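Raw contents of model12.cif, mmCIF, N, CA and C atoms and all ligand atoms:
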```cif
data_entry
loop_
_atom_site.label_atom_id
_atom_site.label_comp_id
_atom_site.auth_asym_id
_atom_site.auth_seq_id
_atom_site.Cartn_x
_atom_site.Cartn_y
_atom_site.Cartn_z
N MET E 149 -51.28 7.47 10.96
CA MET E 149 -52.09 6.34 10.49
C MET E 149 -51.21 5.09 10.33
N HIS E 150 -51.65 4.02 10.97
CA HIS E 150 -50.88 2.79 10.92
C HIS E 150 -51.44 1.82 9.89
N MET E 151 -50.54 1.24 9.13
CA MET E 151 -50.94 0.18 8.19
C MET E 151 -50.35 -1.14 8.66
N HIS E 152 -51.20 -1.99 9.14
CA HIS E 152 -50.71 -3.30 9.56
C HIS E 152 -50.44 -4.17 8.34
N PRO E 153 -49.37 -4.97 8.40
CA PRO E 153 -49.08 -5.90 7.30
C PRO E 153 -50.27 -6.81 7.01
N VAL E 154 -50.99 -7.20 8.06
CA VAL E 154 -52.14 -8.09 7.87
C VAL E 154 -53.19 -7.41 7.01
N THR E 155 -53.41 -6.13 7.28
CA THR E 155 -54.40 -5.39 6.50
C THR E 155 -54.00 -5.33 5.03
N VAL E 156 -52.72 -5.07 4.80
CA VAL E 156 -52.22 -5.00 3.42
C VAL E 156 -52.42 -6.33 2.72
N PHE E 157 -52.11 -7.39 3.44
CA PHE E 157 -52.23 -8.72 2.86
C PHE E 157 -53.68 -9.02 2.50
N LEU E 158 -54.58 -8.68 3.40
CA LEU E 158 -55.99 -8.96 3.16
C LEU E 158 -56.50 -8.16 1.95
N GLU E 159 -56.09 -6.91 1.88
CA GLU E 159 -56.52 -6.09 0.75
C GLU E 159 -55.97 -6.63 -0.56
N HIS E 160 -54.72 -7.08 -0.47
CA HIS E 160 -54.06 -7.55 -1.69
C HIS E 160 -54.71 -8.82 -2.22
N SER E 161 -55.09 -9.72 -1.30
CA SER E 161 -55.62 -11.00 -1.75
C SER E 161 -57.13 -10.95 -2.00
N ASP E 162 -57.67 -9.78 -1.86
CA ASP E 162 -59.11 -9.64 -2.10
C ASP E 162 -59.38 -9.78 -3.59
N GLY E 163 -60.37 -10.60 -3.94
CA GLY E 163 -60.68 -10.77 -5.35
C GLY E 163 -60.29 -12.15 -5.81
N GLU E 164 -59.23 -12.24 -6.58
CA GLU E 164 -58.84 -13.55 -7.09
C GLU E 164 -57.81 -14.20 -6.16
N ASP E 165 -58.01 -15.46 -5.92
CA ASP E 165 -57.05 -16.16 -5.06
C ASP E 165 -56.32 -17.26 -5.84
N MET E 166 -56.27 -17.10 -7.14
CA MET E 166 -55.55 -18.07 -7.94
C MET E 166 -54.06 -17.78 -7.87
N PRO E 167 -53.26 -18.77 -7.57
CA PRO E 167 -51.81 -18.55 -7.56
C PRO E 167 -51.30 -18.31 -8.97
N PHE E 168 -50.33 -17.43 -9.08
CA PHE E 168 -49.79 -17.11 -10.40
C PHE E 168 -48.90 -18.24 -10.89
N GLN E 169 -49.20 -18.73 -12.06
CA GLN E 169 -48.37 -19.78 -12.64
C GLN E 169 -47.79 -19.29 -13.95
N PRO E 170 -46.49 -19.14 -14.00
CA PRO E 170 -45.87 -18.74 -15.26
C PRO E 170 -45.98 -19.86 -16.26
N PRO E 171 -46.12 -19.54 -17.53
CA PRO E 171 -46.23 -20.59 -18.55
C PRO E 171 -44.96 -21.41 -18.62
N VAL E 172 -45.14 -22.70 -18.85
CA VAL E 172 -43.99 -23.61 -18.92
C VAL E 172 -43.61 -23.81 -20.38
N GLU E 173 -42.35 -23.68 -20.66
CA GLU E 173 -41.89 -23.88 -22.02
C GLU E 173 -41.14 -25.20 -22.11
N CYS E 174 -41.48 -25.99 -23.11
CA CYS E 174 -40.80 -27.26 -23.30
C CYS E 174 -39.36 -27.00 -23.74
N PRO E 175 -38.39 -27.58 -23.05
CA PRO E 175 -36.99 -27.35 -23.41
C PRO E 175 -36.59 -28.04 -24.71
N ILE E 176 -37.42 -28.91 -25.20
CA ILE E 176 -37.05 -29.65 -26.41
C ILE E 176 -37.60 -28.97 -27.67
N CYS E 177 -38.88 -28.65 -27.67
CA CYS E 177 -39.48 -28.07 -28.87
C CYS E 177 -39.83 -26.61 -28.69
N ARG E 178 -39.55 -26.06 -27.50
CA ARG E 178 -39.79 -24.64 -27.21
C ARG E 178 -41.26 -24.26 -27.30
N GLU E 179 -42.10 -25.24 -27.16
CA GLU E 179 -43.53 -24.99 -27.22
C GLU E 179 -44.01 -24.56 -25.83
N THR E 180 -44.83 -23.55 -25.79
CA THR E 180 -45.39 -23.13 -24.51
C THR E 180 -46.59 -24.00 -24.18
N LEU E 181 -46.54 -24.61 -23.03
CA LEU E 181 -47.58 -25.56 -22.66
C LEU E 181 -48.82 -24.85 -22.14
N ALA E 182 -49.94 -25.51 -22.30
CA ALA E 182 -51.17 -25.00 -21.72
C ALA E 182 -51.04 -25.04 -20.20
N LEU E 183 -51.76 -24.14 -19.54
CA LEU E 183 -51.58 -24.01 -18.10
C LEU E 183 -52.03 -25.26 -17.33
N ASP E 184 -52.93 -26.02 -17.92
CA ASP E 184 -53.41 -27.21 -17.20
C ASP E 184 -52.62 -28.45 -17.57
N ARG E 185 -51.53 -28.25 -18.30
CA ARG E 185 -50.68 -29.40 -18.64
C ARG E 185 -49.34 -29.26 -17.95
N THR E 186 -48.79 -30.38 -17.56
CA THR E 186 -47.47 -30.34 -16.94
C THR E 186 -46.43 -30.70 -18.00
N LEU E 187 -45.21 -30.32 -17.70
CA LEU E 187 -44.13 -30.63 -18.63
C LEU E 187 -43.98 -32.14 -18.79
N GLU E 188 -44.20 -32.83 -17.68
CA GLU E 188 -44.06 -34.29 -17.74
C GLU E 188 -45.08 -34.89 -18.71
N GLU E 189 -46.32 -34.42 -18.62
CA GLU E 189 -47.35 -34.92 -19.53
C GLU E 189 -46.97 -34.66 -20.98
N HIS E 190 -46.45 -33.45 -21.20
CA HIS E 190 -46.07 -33.07 -22.55
C HIS E 190 -44.93 -33.95 -23.06
N LEU E 191 -43.94 -34.16 -22.22
CA LEU E 191 -42.79 -34.97 -22.63
C LEU E 191 -43.22 -36.39 -22.96
N VAL E 192 -44.08 -36.93 -22.10
CA VAL E 192 -44.54 -38.31 -22.31
C VAL E 192 -45.40 -38.40 -23.57
N GLY E 193 -46.25 -37.39 -23.76
CA GLY E 193 -47.21 -37.46 -24.86
C GLY E 193 -46.64 -37.03 -26.20
N SER E 194 -45.68 -36.11 -26.19
CA SER E 194 -45.24 -35.51 -27.45
C SER E 194 -43.83 -35.88 -27.85
N HIS E 195 -43.07 -36.43 -26.93
CA HIS E 195 -41.68 -36.75 -27.26
C HIS E 195 -41.36 -38.19 -26.89
N THR E 196 -40.42 -38.74 -27.61
CA THR E 196 -39.98 -40.10 -27.31
C THR E 196 -38.97 -40.06 -26.16
N PRO E 197 -38.84 -41.17 -25.46
CA PRO E 197 -37.84 -41.24 -24.38
C PRO E 197 -36.45 -40.87 -24.89
N LEU E 198 -36.17 -41.19 -26.14
CA LEU E 198 -34.86 -40.88 -26.70
C LEU E 198 -34.66 -39.37 -26.78
N GLU E 199 -35.67 -38.66 -27.23
CA GLU E 199 -35.57 -37.20 -27.32
C GLU E 199 -35.34 -36.58 -25.95
N VAL E 200 -36.10 -37.08 -24.98
CA VAL E 200 -35.98 -36.56 -23.62
C VAL E 200 -34.59 -36.85 -23.07
N ALA E 201 -34.10 -38.07 -23.32
CA ALA E 201 -32.78 -38.46 -22.83
C ALA E 201 -31.71 -37.60 -23.46
N ARG E 202 -31.83 -37.34 -24.75
CA ARG E 202 -30.85 -36.50 -25.45
C ARG E 202 -30.81 -35.10 -24.85
N GLN E 203 -32.00 -34.57 -24.61
CA GLN E 203 -32.07 -33.22 -24.06
C GLN E 203 -31.40 -33.15 -22.70
N LEU E 204 -31.68 -34.15 -21.87
CA LEU E 204 -31.08 -34.19 -20.54
C LEU E 204 -29.57 -34.33 -20.63
N ALA E 205 -29.13 -35.19 -21.53
CA ALA E 205 -27.69 -35.42 -21.68
C ALA E 205 -27.01 -34.15 -22.17
N ALA E 206 -27.61 -33.48 -23.14
CA ALA E 206 -27.02 -32.26 -23.68
C ALA E 206 -26.92 -31.20 -22.60
N ARG E 207 -27.96 -31.09 -21.79
CA ARG E 207 -27.96 -30.12 -20.71
C ARG E 207 -26.86 -30.44 -19.71
N HIS E 208 -26.76 -31.73 -19.40
CA HIS E 208 -25.80 -32.15 -18.40
C HIS E 208 -24.38 -31.87 -18.88
N GLU E 209 -24.13 -32.17 -20.14
CA GLU E 209 -22.78 -32.02 -20.66
C GLU E 209 -22.38 -30.56 -20.81
N SER E 210 -23.34 -29.70 -21.11
CA SER E 210 -23.02 -28.29 -21.29
C SER E 210 -23.31 -27.49 -20.03
N GLY E 211 -23.42 -28.20 -18.91
CA GLY E 211 -23.76 -27.53 -17.66
C GLY E 211 -22.70 -26.54 -17.21
N GLY E 212 -21.43 -26.88 -17.43
CA GLY E 212 -20.35 -26.01 -16.98
C GLY E 212 -20.19 -24.77 -17.83
N LEU E 213 -19.89 -24.98 -19.08
CA LEU E 213 -19.66 -23.83 -19.96
C LEU E 213 -20.96 -23.36 -20.58
N ARG E 214 -21.02 -22.06 -20.75
CA ARG E 214 -22.18 -21.54 -21.46
C ARG E 214 -21.73 -21.09 -22.84
N GLN E 215 -22.01 -21.94 -23.81
CA GLN E 215 -21.62 -21.59 -25.17
C GLN E 215 -22.86 -21.22 -25.97
N VAL E 216 -22.81 -20.06 -26.57
CA VAL E 216 -23.95 -19.63 -27.37
C VAL E 216 -23.68 -20.03 -28.82
N SER E 217 -24.44 -21.01 -29.24
CA SER E 217 -24.22 -21.51 -30.61
C SER E 217 -25.38 -21.19 -31.52
N GLU E 218 -26.31 -20.39 -31.03
CA GLU E 218 -27.46 -20.08 -31.86
C GLU E 218 -27.30 -18.73 -32.53
ZN ZN X 1 -42.00 -30.41 -26.52
#
```

Kindly present the structure from the file in structure tokens form.
Ligand SMILES: [Zn+2]
Amino acid sequence: MHMHPVTVFLEHSDGEDMPFQPPVECPICRETLALDRTLEEHLVGSHTPLEVARQLAARHESGGLRQVSE
């Protein structure tokens, strides 16, 4: 009995065709965003440009070493 890849694919996608979207977590407040919201919307709506800039700067500066300070 032969199973064609096409057949497997069709069987697999039968039913729901929604792409899987993992929840997005805000890197600043660790809040899990609603699925219909983007991180950008959250950052603009919930954080000041200063907070966002600080987070980016901190990430950039600690990019090389991984120090666990928590
Ligand atoms: Zn946030």

Interatomic distance (Å, one decimal) between atom N of E:His190 and atom C of E:His208: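 Taking atom N of E:His190 and atom C of E:His208, their separation equals 22.2 Å.
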
Site check for ligand ZN 1 (chain X): residues at most 6 Å away, all atoms listed in the file, as number ranges by chain: E: 174-179, 190, 194

Write out the residues from the selection above, keeping N, CA and C atoms, as a PDB file, keeping the file's coordinate frame.
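Ended up saving to out26.pdb:
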```
ATOM      1  N   CYS E 174     -41.480 -25.990 -23.110  1.00  0.00           N
ATOM      2  CA  CYS E 174     -40.800 -27.260 -23.300  1.00  0.00           C
ATOM      3  C   CYS E 174     -39.360 -27.000 -23.740  1.00  0.00           C
ATOM      4  N   PRO E 175     -38.390 -27.580 -23.050  1.00  0.00           N
ATOM      5  CA  PRO E 175     -36.990 -27.350 -23.410  1.00  0.00           C
ATOM      6  C   PRO E 175     -36.590 -28.040 -24.710  1.00  0.00           C
ATOM      7  N   ILE E 176     -37.420 -28.910 -25.200  1.00  0.00           N
ATOM      8  CA  ILE E 176     -37.050 -29.650 -26.410  1.00  0.00           C
ATOM      9  C   ILE E 176     -37.600 -28.970 -27.670  1.00  0.00           C
ATOM     10  N   CYS E 177     -38.880 -28.650 -27.670  1.00  0.00           N
ATOM     11  CA  CYS E 177     -39.480 -28.070 -28.870  1.00  0.00           C
ATOM     12  C   CYS E 177     -39.830 -26.610 -28.690  1.00  0.00           C
ATOM     13  N   ARG E 178     -39.550 -26.060 -27.500  1.00  0.00           N
ATOM     14  CA  ARG E 178     -39.790 -24.640 -27.210  1.00  0.00           C
ATOM     15  C   ARG E 178     -41.260 -24.260 -27.300  1.00  0.00           C
ATOM     16  N   GLU E 179     -42.100 -25.240 -27.160  1.00  0.00           N
ATOM     17  CA  GLU E 179     -43.530 -24.990 -27.220  1.00  0.00           C
ATOM     18  C   GLU E 179     -44.010 -24.560 -25.830  1.00  0.00           C
ATOM     19  N   HIS E 190     -46.450 -33.450 -21.200  1.00  0.00           N
ATOM     20  CA  HIS E 190     -46.070 -33.070 -22.550  1.00  0.00           C
ATOM     21  C   HIS E 190     -44.930 -33.950 -23.060  1.00  0.00           C
ATOM     22  N   SER E 194     -45.680 -36.110 -26.190  1.00  0.00           N
ATOM     23  CA  SER E 194     -45.240 -35.510 -27.450  1.00  0.00           C
ATOM     24  C   SER E 194     -43.830 -35.880 -27.850  1.00  0.00           C
TER      25      SER E 194
END
```

Gap from atom C of E:His195 to atom C of E:Phe168 - Å, one decimal: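 Separating atom C of E:His195 from atom C of E:Phe168 is a distance of 26.7 Å.
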
One-decimal distance in Å that lies between atom N of E:Leu187 and atom N of E:Pro171: 10.8 Å

Polymer residues at most 6 Å from (-46.0, -21.8, -19.3) by only N, CA and C atoms, as JSON, numbers by chain: {"E": [170, 171, 172, 173, 180, 181]}
